[in-house]
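In what follows, a structure is listed as structure tokens, so that the remarks can point back to it.
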Amino acid sequence: MNLLSSKAGVLEMSRRLAIKGQAFVDGRFVDAASGETFDDISPRDGRVIARVAACGAADVDRAVSAARRAFEAGVWRDQAPKERKKVLQRFAQLFEQNMDEMALLESLDMGKPIAESRLIDATVVLDTLQWYSECPDKIYDEVAPTGPGQLAMITREPIGVVGAVTPWNFPMLMETWKIAPALATGNSIILKPARWSPLTAIRLAELAAEAGVPDGVFNVVPGFGSTAGKALGMHMDVDCIAFTGSGEVGKELLLYAGKSNMKRVYLEAGGKSPNVILDDADLQAAAKRAATAICFNQGEVCCAPSRLILSERVKDEFMAILVATMKKIRPGDPLDPASNMGALVEKGHLESVKRYIAKGREEGARLILGGDSPDVGLDGYYLNPTIFDGVDNRMTIAQEEIFGPVLSVITVKDDEEAVRVANDTIYGLAAGLWTRDLSRAHRLSRRLRAGSVWVNCYDSADCTVPFGGYKQSGNGRDKSLHAISKYTELKTTWIEL
Ligand code: NAP
Ligand code: MG
């Protein structure tokens, strides 16, 4: 029987977990140079589950040197593409053999329900590893049509040493979106996972090494953003930073690049995504999806549809379905396979979400559901699904990313107002649009300024499809062959014939 199918099984497995908290540098587990560690606290119950190496500038230096050495030696980038493919396929297989453990580590570390970390996070990580493992020997270069006297080749070469700085909301998933294409194209990597969720990153590096990724090619330096993250961003020998996280930190990384070596900086930042419900929408489907999507991952989702932009003509009917659906979503123990919502990542974050809820009330929005914490029988960081009605798009709760299960309902008169309000944000990560009219769907989806537009669905995803943002939601794209361009330089070579 699968241990993850019952709560008793999950608890049994968690008791047997051997959690590793050291850094992984040059193919080996190591302590931080300073010997310092930090406590990794599980948001499920507030308990310390690991002591993790608190890496700083000296450790980043050591990891960058190892990465550079491996890159210059060509142990990875100069392997025949089909050999690199085999190693990456083995990495994917090893991940598959350890998926239950990875899902459990993730749920313990950052509070998402175990059923989701297994069926969504771990499953998508596996798919991403498999997809990119196929790339090395399937990407061709180009010859330009210059004429008979000359040959101009356009080739892609690995960029070199890639620093990845990642968030805690989908830790191993966001990490794999960067690691898999960076490895497939022959780079060396230093990954700095978020302090709240370093465990799966460390294990990923161990699995990669076991699969045959050479020493120094994939390093993990857990630690704080202000120390390890900054050291990576400022490092003179890092060629590219691949970042997912808040816009605020993304802007810091752009500054670091400007102050150091002009390294490429690719940002996947936050969002305040509109979900537009037109008057001809399938209201059942739209309302149910609006409810489940804002509660998914406790609302800690970059593309969460946190602004519901609702046609006043269908408001009453829609709201009745929305509220009834959201009432059924109850936070529970992340280690219970029956839970469909878990704990927020840490105490300070729960407090921040609650401050936004207080702010919403102060600014005159109407709290019609939730806003408080449930008693799940554990000393963790839980919050009930929350709805504000009567929200004006200029209110703080409609402009700032809350990163919790808090939905703002904004009522509009017509399509023009819907588009205007939808685009009235500094962000542009994603948007939803619900209508039965095909022409209206095409017309309006073009006008929504967002990297992903979901029509009559939300959160649809596949490794073949790029993901990323317009405006202050970032630059560059994760996933698909488009991600390859971030981890390669374009070279032109002219040959006089
Ligand atoms: P965050 O606070 O920006 O942190 C992201 C990463 O940056 C962490 O590893 C953090 O380290 C590090 N960091 C912090 N300060 C730094 C500095 N001065 N220099 C270098 N690195 C630094 O974001 P988060 O709270 O972890 O994640 C939530 C955010 O990520 C939300 O805004 C969400 O929308 C966004 N996100 C975007 C996407 C997307 O694809 N667009 C996907 C998921 C999440 P520490 O945590 O250790 O301080
Ligand atoms: Mg944690």
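Every chain in the structure tokens has a letter given in the order shown (A, B, ...), and although residue numbers restart at 1 in each chain, ligands are simply numbered from 1 in the order shown.
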
Within 9 Å of ligand 2 (only C-alpha atoms and all ligand atoms), residues as a PyMOL selection string:
chain A and resi 39-43+48-50+106-111+168+194-199+345-346

Could you dump the residues just selected with N, CA and C atoms as a compact mmCIF listing (two decimals), in the first residue's frame?
```
# COMPACT_ATOMS: atom_id res chain seq x y z
N ASP A 39 17.39 27.38 12.09
CA ASP A 39 16.34 26.39 12.34
C ASP A 39 15.33 26.40 11.20
N ASP A 40 15.02 25.23 10.71
CA ASP A 40 13.95 25.11 9.72
C ASP A 40 12.69 24.68 10.47
N ILE A 41 11.71 25.57 10.47
CA ILE A 41 10.49 25.33 11.26
C ILE A 41 9.37 24.87 10.35
N SER A 42 8.67 23.82 10.75
CA SER A 42 7.54 23.39 9.93
C SER A 42 6.32 24.23 10.25
N PRO A 43 5.69 24.84 9.23
CA PRO A 43 4.50 25.65 9.48
C PRO A 43 3.30 24.79 9.91
N VAL A 48 10.73 22.64 15.02
CA VAL A 48 11.98 22.64 14.26
C VAL A 48 12.16 21.25 13.66
N ILE A 49 12.31 21.19 12.33
CA ILE A 49 12.48 19.88 11.70
C ILE A 49 13.90 19.65 11.21
N ALA A 50 14.71 20.71 11.12
CA ALA A 50 16.09 20.53 10.67
C ALA A 50 16.90 21.74 11.06
N GLU A 106 8.51 18.48 1.10
CA GLU A 106 7.95 19.77 0.71
C GLU A 106 6.79 20.17 1.63
N SER A 107 5.91 19.23 1.91
CA SER A 107 4.76 19.55 2.77
C SER A 107 5.20 19.89 4.18
N LEU A 108 6.16 19.14 4.70
CA LEU A 108 6.68 19.42 6.04
C LEU A 108 7.33 20.79 6.09
N ASP A 109 8.06 21.10 5.02
CA ASP A 109 8.89 22.31 5.03
C ASP A 109 8.08 23.58 4.85
N MET A 110 7.05 23.53 3.96
CA MET A 110 6.35 24.79 3.70
C MET A 110 4.82 24.72 3.82
N GLY A 111 4.29 23.59 4.24
CA GLY A 111 2.90 23.56 4.69
C GLY A 111 1.83 23.21 3.67
N TRP A 168 9.64 30.11 -1.74
CA TRP A 168 9.22 28.98 -0.90
C TRP A 168 7.84 28.43 -1.27
N ALA A 194 14.95 29.32 -0.87
CA ALA A 194 14.42 30.23 0.16
C ALA A 194 14.69 29.64 1.55
N ARG A 195 14.90 30.52 2.51
CA ARG A 195 15.23 30.04 3.87
C ARG A 195 14.10 29.18 4.45
N TRP A 196 12.85 29.47 4.04
CA TRP A 196 11.72 28.73 4.61
C TRP A 196 11.58 27.34 4.00
N SER A 197 12.29 27.05 2.93
CA SER A 197 12.03 25.78 2.25
C SER A 197 13.26 25.23 1.53
N PRO A 198 14.34 24.98 2.28
CA PRO A 198 15.58 24.56 1.60
C PRO A 198 15.70 23.05 1.38
N LEU A 199 14.79 22.26 1.96
CA LEU A 199 15.08 20.82 2.06
C LEU A 199 15.05 20.07 0.73
N VAL A 345 3.17 29.64 5.13
CA VAL A 345 4.56 29.19 5.26
C VAL A 345 5.21 29.50 6.60
N GLU A 346 4.86 30.61 7.23
CA GLU A 346 5.48 30.92 8.51
C GLU A 346 4.65 31.96 9.24
```

Site check for ligand 1: residues at most 7 Å away, only C-alpha atoms and all ligand atoms, as a ChimeraX atom specification
/A:165-170,174,192-196,223-226,229-230,233,244-250,252-253,268-271,301-303,401,403,429,467-469,473-474

Can I get the selection written as a CSV table (one decimal), in the first residue's frame, with N, CA and C atoms?
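Final output, part.csv:
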```
chain,number,residue,atom,x,y,z
A,165,VAL,N,18.0,31.8,-7.7
A,165,VAL,CA,17.5,32.3,-6.3
A,165,VAL,C,16.0,32.1,-6.4
A,166,THR,N,15.5,31.3,-5.4
A,166,THR,CA,14.1,30.8,-5.6
A,166,THR,C,13.2,31.0,-4.4
A,167,PRO,N,11.9,30.9,-4.5
A,167,PRO,CA,10.9,31.2,-3.4
A,167,PRO,C,10.5,29.9,-2.7
A,168,TRP,N,9.6,30.1,-1.7
A,168,TRP,CA,9.2,29.0,-0.9
A,168,TRP,C,7.8,28.4,-1.3
A,169,ASN,N,7.2,29.0,-2.2
A,169,ASN,CA,5.8,28.6,-2.4
A,169,ASN,C,5.6,27.3,-3.2
A,170,PHE,N,6.5,27.2,-4.2
A,170,PHE,CA,6.6,25.9,-5.0
A,170,PHE,C,8.1,25.6,-5.1
A,174,MET,N,9.7,25.4,-8.8
A,174,MET,CA,10.3,26.6,-9.3
A,174,MET,C,11.8,26.4,-9.6
A,192,LYS,N,20.3,29.0,-4.6
A,192,LYS,CA,20.1,29.5,-3.3
A,192,LYS,C,18.6,29.4,-3.0
A,193,PRO,N,18.2,28.3,-2.3
A,193,PRO,CA,16.7,28.2,-2.1
A,193,PRO,C,16.3,29.1,-1.0
A,194,ALA,N,14.9,29.3,-0.9
A,194,ALA,CA,14.4,30.2,0.2
A,194,ALA,C,14.7,29.6,1.5
A,195,ARG,N,14.9,30.5,2.5
A,195,ARG,CA,15.2,30.0,3.9
A,195,ARG,C,14.1,29.2,4.4
A,196,TRP,N,12.9,29.5,4.0
A,196,TRP,CA,11.7,28.7,4.6
A,196,TRP,C,11.6,27.3,4.0
A,223,GLY,N,20.6,29.4,2.8
A,223,GLY,CA,21.0,30.6,3.6
A,223,GLY,C,20.0,31.7,3.4
A,224,PHE,N,20.3,32.9,3.9
A,224,PHE,CA,19.4,34.0,3.8
A,224,PHE,C,19.6,34.8,2.5
A,225,GLY,N,18.5,35.4,2.1
A,225,GLY,CA,18.7,36.2,0.9
A,225,GLY,C,19.6,37.4,1.1
A,226,SER,N,19.6,38.0,2.3
A,226,SER,CA,20.4,39.1,2.5
A,226,SER,C,21.9,38.8,2.6
A,229,GLY,N,22.1,35.1,-0.9
A,229,GLY,CA,21.4,35.6,-2.1
A,229,GLY,C,22.1,36.8,-2.7
A,230,LYS,N,22.4,37.8,-1.8
A,230,LYS,CA,23.1,39.0,-2.2
A,230,LYS,C,24.5,38.7,-2.8
A,233,GLY,N,24.2,37.5,-6.2
A,233,GLY,CA,23.8,38.6,-7.1
A,233,GLY,C,25.0,39.5,-7.4
A,244,THR,N,13.1,33.7,-9.0
A,244,THR,CA,11.7,33.7,-8.8
A,244,THR,C,11.4,34.2,-7.4
A,245,GLY,N,10.6,35.2,-7.3
A,245,GLY,CA,10.3,35.8,-6.0
A,245,GLY,C,9.6,37.1,-6.1
A,246,SER,N,9.7,37.9,-5.1
A,246,SER,CA,9.0,39.2,-5.1
A,246,SER,C,9.6,40.2,-6.0
A,247,GLY,N,8.9,41.2,-6.5
A,247,GLY,CA,9.4,42.3,-7.3
A,247,GLY,C,10.4,43.1,-6.6
A,248,GLU,N,10.2,43.3,-5.3
A,248,GLU,CA,11.1,44.1,-4.5
A,248,GLU,C,12.6,43.5,-4.5
A,249,VAL,N,12.7,42.2,-4.3
A,249,VAL,CA,14.0,41.5,-4.3
A,249,VAL,C,14.5,41.5,-5.8
A,250,GLY,N,13.6,41.3,-6.7
A,250,GLY,CA,14.0,41.3,-8.1
A,250,GLY,C,14.7,42.6,-8.5
A,252,GLU,N,16.3,44.5,-6.5
A,252,GLU,CA,17.6,44.5,-5.8
A,252,GLU,C,18.6,43.8,-6.7
A,253,LEU,N,18.2,42.6,-7.3
A,253,LEU,CA,19.1,41.8,-8.1
A,253,LEU,C,19.5,42.6,-9.3
A,268,GLU,N,11.2,36.2,-12.4
A,268,GLU,CA,9.8,35.8,-12.4
A,268,GLU,C,9.3,36.3,-11.1
A,269,ALA,N,8.5,37.4,-11.1
A,269,ALA,CA,8.1,38.1,-9.9
A,269,ALA,C,6.6,37.9,-9.6
A,270,GLY,N,6.1,38.8,-8.8
A,270,GLY,CA,4.7,38.6,-8.3
A,270,GLY,C,3.6,38.9,-9.3
A,271,GLY,N,2.4,38.9,-8.7
A,271,GLY,CA,1.2,39.2,-9.5
A,271,GLY,C,0.0,39.7,-8.7
A,301,VAL,N,0.3,31.7,-4.4
A,301,VAL,CA,0.6,31.4,-5.8
A,301,VAL,C,0.8,32.7,-6.5
A,302,CYS,N,1.9,32.8,-7.3
A,302,CYS,CA,2.2,34.0,-7.9
A,302,CYS,C,1.1,34.5,-8.9
A,303,CYS,N,0.5,33.5,-9.5
A,303,CYS,CA,-0.6,33.8,-10.5
A,303,CYS,C,-2.0,33.7,-9.9
A,401,GLU,N,0.2,42.5,-3.6
A,401,GLU,CA,0.1,41.0,-3.5
A,401,GLU,C,0.0,40.6,-2.1
A,403,PHE,N,-0.7,37.2,-1.1
A,403,PHE,CA,-0.1,35.9,-1.0
A,403,PHE,C,-0.7,35.0,0.0
A,429,LEU,N,1.2,39.2,-14.7
A,429,LEU,CA,1.6,37.8,-14.8
A,429,LEU,C,0.6,36.9,-15.5
A,467,PHE,N,6.0,30.3,-19.3
A,467,PHE,CA,5.3,31.0,-18.2
A,467,PHE,C,6.1,32.1,-17.7
A,468,GLY,N,5.5,33.3,-17.6
A,468,GLY,CA,6.2,34.5,-17.0
A,468,GLY,C,5.4,35.7,-17.3
A,469,GLY,N,6.0,36.9,-16.9
A,469,GLY,CA,5.1,38.0,-16.8
A,469,GLY,C,5.5,39.2,-17.6
A,473,SER,N,5.8,42.0,-13.3
A,473,SER,CA,5.8,40.5,-13.0
A,473,SER,C,7.1,39.9,-13.6
A,474,GLY,N,7.9,40.6,-14.3
A,474,GLY,CA,9.2,40.0,-14.6
A,474,GLY,C,9.6,40.1,-16.1
```

From the set A:Glu206, A:Gln89, A:Phe218, A:Glu175, which residue has the shortest atom-to-atom contact distance to Phe71 of chain A, counting only C-alpha atoms?
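The answer is A:Phe218, which sits nearest to Phe71 of chain A.
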
Extract the full set of alpha helix (DSSP H) residues from segment 152-196 of chain A according to DSSP on the backbone, and format it as a PyMOL selection string.
chain A and resi 171-184

Would you tabulate, counting only C-alpha atoms, all residues of segment 56-88 of chain A that have an atom at most 9 Å from an atom of segment 125-133 of chain A, showing the closest pair of atoms and their distance in Å to one decimal, sorted by chain then ascending number, as a tab-separated table?
```
residue	atom	partner	partner_atom	distance
A:Arg84	CA	A:Ser133	CA	7.9
A:Lys85	CA	A:Ser133	CA	5.2
A:Lys86	CA	A:Ser133	CA	7.6
A:Val87	CA	A:Ser133	CA	8.1
A:Leu88	CA	A:Ser133	CA	5.0
```

With only C-alpha atoms as the counted atoms, please give the residues lying no more than 12 Å from segment 435-439 of chain A, apart from itself and same-chain residues fewer than 2 positions off, as a ChimeraX atom specification.
/A:275-283,285-286,310-311,415,432-433,441-446,454-457

Selected residues written out, N, CA, C and O atoms, as an mmCIF file, in the first residue's frame:
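selection-v6.cif written:
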```
data_model
loop_
_atom_site.group_PDB
_atom_site.id
_atom_site.type_symbol
_atom_site.label_atom_id
_atom_site.label_comp_id
_atom_site.auth_asym_id
_atom_site.auth_seq_id
_atom_site.Cartn_x
_atom_site.Cartn_y
_atom_site.Cartn_z
ATOM 1 N N ASN A 275 -9.326 38.065 -12.645
ATOM 2 C CA ASN A 275 -10.106 36.961 -13.184
ATOM 3 C C ASN A 275 -11.437 37.581 -13.606
ATOM 4 O O ASN A 275 -12.260 37.939 -12.759
ATOM 5 N N VAL A 276 -11.613 37.753 -14.917
ATOM 6 C CA VAL A 276 -12.731 38.554 -15.431
ATOM 7 C C VAL A 276 -13.923 37.647 -15.773
ATOM 8 O O VAL A 276 -13.800 36.720 -16.579
ATOM 9 N N ILE A 277 -15.064 37.940 -15.144
ATOM 10 C CA ILE A 277 -16.268 37.132 -15.381
ATOM 11 C C ILE A 277 -17.265 37.991 -16.162
ATOM 12 O O ILE A 277 -17.842 38.943 -15.613
ATOM 13 N N LEU A 278 -17.467 37.657 -17.433
ATOM 14 C CA LEU A 278 -18.413 38.431 -18.244
ATOM 15 C C LEU A 278 -19.838 37.910 -18.019
ATOM 16 O O LEU A 278 -20.036 36.807 -17.475
ATOM 17 N N ASP A 279 -20.804 38.664 -18.526
ATOM 18 C CA ASP A 279 -22.195 38.327 -18.192
ATOM 19 C C ASP A 279 -22.712 37.074 -18.891
ATOM 20 O O ASP A 279 -23.744 36.531 -18.505
ATOM 21 N N ASP A 280 -21.981 36.585 -19.919
ATOM 22 C CA ASP A 280 -22.437 35.374 -20.601
ATOM 23 C C ASP A 280 -21.634 34.135 -20.195
ATOM 24 O O ASP A 280 -21.656 33.116 -20.870
ATOM 25 N N ALA A 281 -20.892 34.235 -19.072
ATOM 26 C CA ALA A 281 -20.025 33.118 -18.661
ATOM 27 C C ALA A 281 -20.842 31.940 -18.148
ATOM 28 O O ALA A 281 -21.990 32.090 -17.725
ATOM 29 N N ASP A 282 -20.230 30.773 -18.183
ATOM 30 C CA ASP A 282 -20.781 29.596 -17.497
ATOM 31 C C ASP A 282 -20.530 29.845 -15.999
ATOM 32 O O ASP A 282 -19.424 29.633 -15.500
ATOM 33 N N LEU A 283 -21.541 30.307 -15.301
ATOM 34 C CA LEU A 283 -21.324 30.812 -13.941
ATOM 35 C C LEU A 283 -20.923 29.714 -12.956
ATOM 36 O O LEU A 283 -20.116 29.943 -12.052
ATOM 37 N N ALA A 285 -19.188 26.946 -13.597
ATOM 38 C CA ALA A 285 -17.781 26.600 -13.801
ATOM 39 C C ALA A 285 -16.880 27.738 -13.340
ATOM 40 O O ALA A 285 -15.868 27.515 -12.662
ATOM 41 N N ALA A 286 -17.247 28.976 -13.698
ATOM 42 C CA ALA A 286 -16.393 30.119 -13.377
ATOM 43 C C ALA A 286 -16.298 30.332 -11.867
ATOM 44 O O ALA A 286 -15.213 30.573 -11.328
ATOM 45 N N LEU A 310 -16.055 41.226 -11.802
ATOM 46 C CA LEU A 310 -17.335 40.560 -12.009
ATOM 47 C C LEU A 310 -18.372 41.491 -12.628
ATOM 48 O O LEU A 310 -18.590 42.599 -12.123
ATOM 49 N N SER A 311 -19.000 41.005 -13.696
ATOM 50 C CA SER A 311 -20.084 41.775 -14.316
ATOM 51 C C SER A 311 -21.240 41.934 -13.327
ATOM 52 O O SER A 311 -21.717 40.951 -12.747
ATOM 53 N N ASP A 415 -17.667 45.433 -20.604
ATOM 54 C CA ASP A 415 -16.375 44.862 -21.007
ATOM 55 C C ASP A 415 -15.259 45.903 -20.935
ATOM 56 O O ASP A 415 -14.135 45.605 -20.535
ATOM 57 N N GLY A 432 -7.535 35.673 -16.012
ATOM 58 C CA GLY A 432 -8.589 34.733 -16.404
ATOM 59 C C GLY A 432 -9.688 35.504 -17.115
ATOM 60 O O GLY A 432 -9.879 36.698 -16.873
ATOM 61 N N LEU A 433 -10.383 34.812 -18.012
ATOM 62 C CA LEU A 433 -11.478 35.448 -18.756
ATOM 63 C C LEU A 433 -12.550 34.396 -19.001
ATOM 64 O O LEU A 433 -12.250 33.324 -19.536
ATOM 65 N N ALA A 441 -14.016 36.472 -26.503
ATOM 66 C CA ALA A 441 -12.846 35.850 -25.860
ATOM 67 C C ALA A 441 -11.566 36.266 -26.584
ATOM 68 O O ALA A 441 -10.584 36.659 -25.960
ATOM 69 N N HIS A 442 -11.575 36.199 -27.911
ATOM 70 C CA HIS A 442 -10.382 36.580 -28.678
ATOM 71 C C HIS A 442 -10.075 38.065 -28.509
ATOM 72 O O HIS A 442 -8.935 38.454 -28.289
ATOM 73 N N ARG A 443 -11.115 38.880 -28.669
ATOM 74 C CA ARG A 443 -10.906 40.331 -28.606
ATOM 75 C C ARG A 443 -10.329 40.765 -27.265
ATOM 76 O O ARG A 443 -9.330 41.462 -27.200
ATOM 77 N N LEU A 444 -10.958 40.275 -26.198
ATOM 78 C CA LEU A 444 -10.547 40.765 -24.879
ATOM 79 C C LEU A 444 -9.246 40.128 -24.406
ATOM 80 O O LEU A 444 -8.442 40.774 -23.739
ATOM 81 N N SER A 445 -9.006 38.867 -24.771
ATOM 82 C CA SER A 445 -7.763 38.244 -24.278
ATOM 83 C C SER A 445 -6.551 38.958 -24.863
ATOM 84 O O SER A 445 -5.514 39.053 -24.220
ATOM 85 N N ARG A 446 -6.690 39.496 -26.097
ATOM 86 C CA ARG A 446 -5.579 40.267 -26.664
ATOM 87 C C ARG A 446 -5.316 41.546 -25.888
ATOM 88 O O ARG A 446 -4.205 42.042 -25.877
ATOM 89 N N TRP A 454 -5.935 32.830 -19.380
ATOM 90 C CA TRP A 454 -6.697 31.578 -19.356
ATOM 91 C C TRP A 454 -8.162 31.885 -19.665
ATOM 92 O O TRP A 454 -8.815 32.621 -18.917
ATOM 93 N N VAL A 455 -8.648 31.340 -20.757
ATOM 94 C CA VAL A 455 -10.041 31.576 -21.133
ATOM 95 C C VAL A 455 -10.863 30.346 -20.757
ATOM 96 O O VAL A 455 -10.582 29.226 -21.216
ATOM 97 N N ASN A 456 -11.857 30.552 -19.919
ATOM 98 C CA ASN A 456 -12.735 29.498 -19.417
ATOM 99 C C ASN A 456 -11.960 28.387 -18.699
ATOM 100 O O ASN A 456 -12.325 27.202 -18.764
ATOM 101 N N CYS A 457 -10.872 28.764 -18.074
ATOM 102 C CA CYS A 457 -10.081 27.844 -17.253
ATOM 103 C C CYS A 457 -9.199 28.726 -16.380
ATOM 104 O O CYS A 457 -9.237 29.951 -16.496
#
```

Counting only C-alpha atoms, the option among A:Ser117, A:Thr185, A:Ser306, A:Gln79 closest to Ile484 of chain A
A:Thr185

In segment 111-326 of chain A, DSSP strand (DSSP E or B) residues written as a ChimeraX atom specification
/A:142-144,150-158,161-165,188-192,218-220,240-244,264-268,274-277,307-311

Write the residues you've just listed into a file as a short mmCIF file (atom, residue, chain, number, x, y, z; two decimals), in the first residue's frame, and include N, CA and C atoms for each of them.
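See again.cif below for the written result:
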```
data_model
loop_
_atom_site.label_atom_id
_atom_site.label_comp_id
_atom_site.auth_asym_id
_atom_site.auth_seq_id
_atom_site.Cartn_x
_atom_site.Cartn_y
_atom_site.Cartn_z
N GLU A 142 21.77 27.27 -36.32
CA GLU A 142 21.30 27.79 -37.61
C GLU A 142 22.48 28.21 -38.49
N VAL A 143 22.20 28.22 -39.78
CA VAL A 143 23.14 28.82 -40.73
C VAL A 143 22.37 29.94 -41.42
N ALA A 144 22.94 31.14 -41.41
CA ALA A 144 22.22 32.29 -41.95
C ALA A 144 22.31 32.31 -43.49
N GLN A 150 30.31 33.40 -48.16
CA GLN A 150 30.56 33.36 -46.73
C GLN A 150 29.61 32.39 -46.04
N LEU A 151 30.08 31.92 -44.88
CA LEU A 151 29.22 31.06 -44.05
C LEU A 151 29.05 31.77 -42.71
N ALA A 152 27.82 32.02 -42.31
CA ALA A 152 27.59 32.63 -40.99
C ALA A 152 26.76 31.65 -40.16
N MET A 153 27.40 31.15 -39.11
CA MET A 153 26.71 30.19 -38.23
C MET A 153 26.17 30.93 -37.01
N ILE A 154 24.96 30.59 -36.63
CA ILE A 154 24.36 31.17 -35.42
C ILE A 154 24.21 30.03 -34.43
N THR A 155 25.02 30.08 -33.40
CA THR A 155 25.02 28.95 -32.45
C THR A 155 24.69 29.42 -31.04
N ARG A 156 24.16 28.52 -30.27
CA ARG A 156 23.87 28.80 -28.86
C ARG A 156 24.90 28.09 -28.00
N GLU A 157 25.51 28.85 -27.10
CA GLU A 157 26.49 28.26 -26.19
C GLU A 157 26.03 28.47 -24.76
N PRO A 158 26.37 27.54 -23.86
CA PRO A 158 25.95 27.73 -22.46
C PRO A 158 26.50 29.05 -21.93
N VAL A 161 28.14 30.18 -15.60
CA VAL A 161 27.77 29.92 -14.20
C VAL A 161 26.45 30.63 -13.92
N VAL A 162 25.45 29.83 -13.60
CA VAL A 162 24.10 30.35 -13.37
C VAL A 162 23.80 30.35 -11.87
N GLY A 163 23.36 31.49 -11.35
CA GLY A 163 22.90 31.55 -9.97
C GLY A 163 21.38 31.52 -9.97
N ALA A 164 20.79 30.57 -9.25
CA ALA A 164 19.33 30.50 -9.17
C ALA A 164 18.91 30.88 -7.76
N VAL A 165 17.97 31.81 -7.65
CA VAL A 165 17.47 32.27 -6.35
C VAL A 165 15.96 32.06 -6.37
N SER A 188 26.86 25.38 -15.38
CA SER A 188 27.04 25.04 -13.96
C SER A 188 26.09 25.93 -13.16
N ILE A 189 25.62 25.40 -12.03
CA ILE A 189 24.57 26.12 -11.28
C ILE A 189 24.91 26.23 -9.80
N ILE A 190 24.56 27.39 -9.23
CA ILE A 190 24.54 27.52 -7.77
C ILE A 190 23.12 27.92 -7.40
N LEU A 191 22.45 27.08 -6.64
CA LEU A 191 21.06 27.34 -6.26
C LEU A 191 21.01 27.83 -4.82
N LYS A 192 20.32 28.97 -4.62
CA LYS A 192 20.08 29.48 -3.27
C LYS A 192 18.58 29.38 -3.02
N PHE A 218 26.30 21.25 -10.10
CA PHE A 218 25.05 21.64 -9.45
C PHE A 218 25.31 21.76 -7.94
N ASN A 219 25.34 22.99 -7.46
CA ASN A 219 25.65 23.27 -6.06
C ASN A 219 24.44 23.92 -5.39
N VAL A 220 24.24 23.63 -4.10
CA VAL A 220 23.15 24.27 -3.36
C VAL A 220 23.73 24.95 -2.11
N CYS A 240 24.78 34.73 -14.84
CA CYS A 240 23.34 34.92 -15.00
C CYS A 240 22.65 34.61 -13.68
N ILE A 241 21.65 35.42 -13.35
CA ILE A 241 20.81 35.11 -12.19
C ILE A 241 19.42 34.76 -12.72
N ALA A 242 18.94 33.60 -12.30
CA ALA A 242 17.57 33.20 -12.62
C ALA A 242 16.80 33.24 -11.31
N PHE A 243 15.84 34.15 -11.24
CA PHE A 243 15.18 34.44 -9.97
C PHE A 243 13.68 34.24 -10.06
N THR A 244 13.10 33.66 -9.03
CA THR A 244 11.66 33.73 -8.85
C THR A 244 11.42 34.22 -7.43
N ARG A 264 23.39 38.74 -16.63
CA ARG A 264 21.99 38.70 -17.06
C ARG A 264 21.12 38.44 -15.84
N VAL A 265 19.99 39.12 -15.75
CA VAL A 265 19.09 38.89 -14.62
C VAL A 265 17.70 38.57 -15.17
N TYR A 266 17.24 37.36 -14.92
CA TYR A 266 15.91 36.96 -15.37
C TYR A 266 15.00 36.83 -14.17
N LEU A 267 13.89 37.54 -14.22
CA LEU A 267 13.02 37.66 -13.06
C LEU A 267 11.63 37.08 -13.32
N GLU A 268 11.20 36.22 -12.42
CA GLU A 268 9.79 35.81 -12.39
C GLU A 268 9.26 36.35 -11.08
N PRO A 274 -6.04 39.47 -12.45
CA PRO A 274 -7.48 39.63 -12.57
C PRO A 274 -8.13 38.35 -13.13
N ASN A 275 -9.33 38.06 -12.65
CA ASN A 275 -10.11 36.96 -13.18
C ASN A 275 -11.44 37.58 -13.61
N VAL A 276 -11.61 37.75 -14.92
CA VAL A 276 -12.73 38.55 -15.43
C VAL A 276 -13.92 37.65 -15.77
N ILE A 277 -15.06 37.94 -15.14
CA ILE A 277 -16.27 37.13 -15.38
C ILE A 277 -17.27 37.99 -16.16
N ARG A 307 -7.91 39.14 -7.88
CA ARG A 307 -8.92 40.19 -8.15
C ARG A 307 -10.00 39.61 -9.04
N LEU A 308 -11.17 39.41 -8.47
CA LEU A 308 -12.29 38.91 -9.25
C LEU A 308 -13.03 40.10 -9.85
N ILE A 309 -13.04 40.19 -11.17
CA ILE A 309 -13.66 41.34 -11.83
C ILE A 309 -14.96 40.86 -12.45
N LEU A 310 -16.06 41.23 -11.80
CA LEU A 310 -17.33 40.56 -12.01
C LEU A 310 -18.37 41.49 -12.63
N SER A 311 -19.00 41.01 -13.70
CA SER A 311 -20.08 41.78 -14.32
C SER A 311 -21.24 41.93 -13.33
#
```

Closest to Val10 of chain A among A:Asp333, A:Tyr256, A:Tyr470, A:Ala58, using only C-alpha atoms?
A:Asp333

Can you work out which one of A:Ala320, A:Ala8, A:Val217, A:Met172 has the shortest atom-to-atom distance to Gly74 of chain A, counting only C-alpha atoms?
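Answer, going by the shortest atom-to-atom distance: A:Val217.
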
For Arg77 of chain A, which of A:Asn297, A:Ala184, A:Tyr381, A:Arg51 is the closest residue, counting only C-alpha atoms?
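Among the listed residues, A:Ala184 lies closest to Arg77 of chain A.
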
With only C-alpha atoms as the basis for distance, which of A:Ala92, A:Leu4, A:Leu105, A:Ile329 is at the shortest distance from Val124 of chain A?
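That would be A:Ala92, the residue with the smallest distance to Val124 of chain A.
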
Gap from atom CA of Cys55 of chain A to atom CA of Glu101 of chain A - Å, one decimal:
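One can read the atom CA of Cys55 of chain A to atom CA of Glu101 of chain A distance as 24.7 Å.
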
A straight line from atom CA of Cys135 of chain A to atom CA of Thr464 of chain A spans 11.8 Å
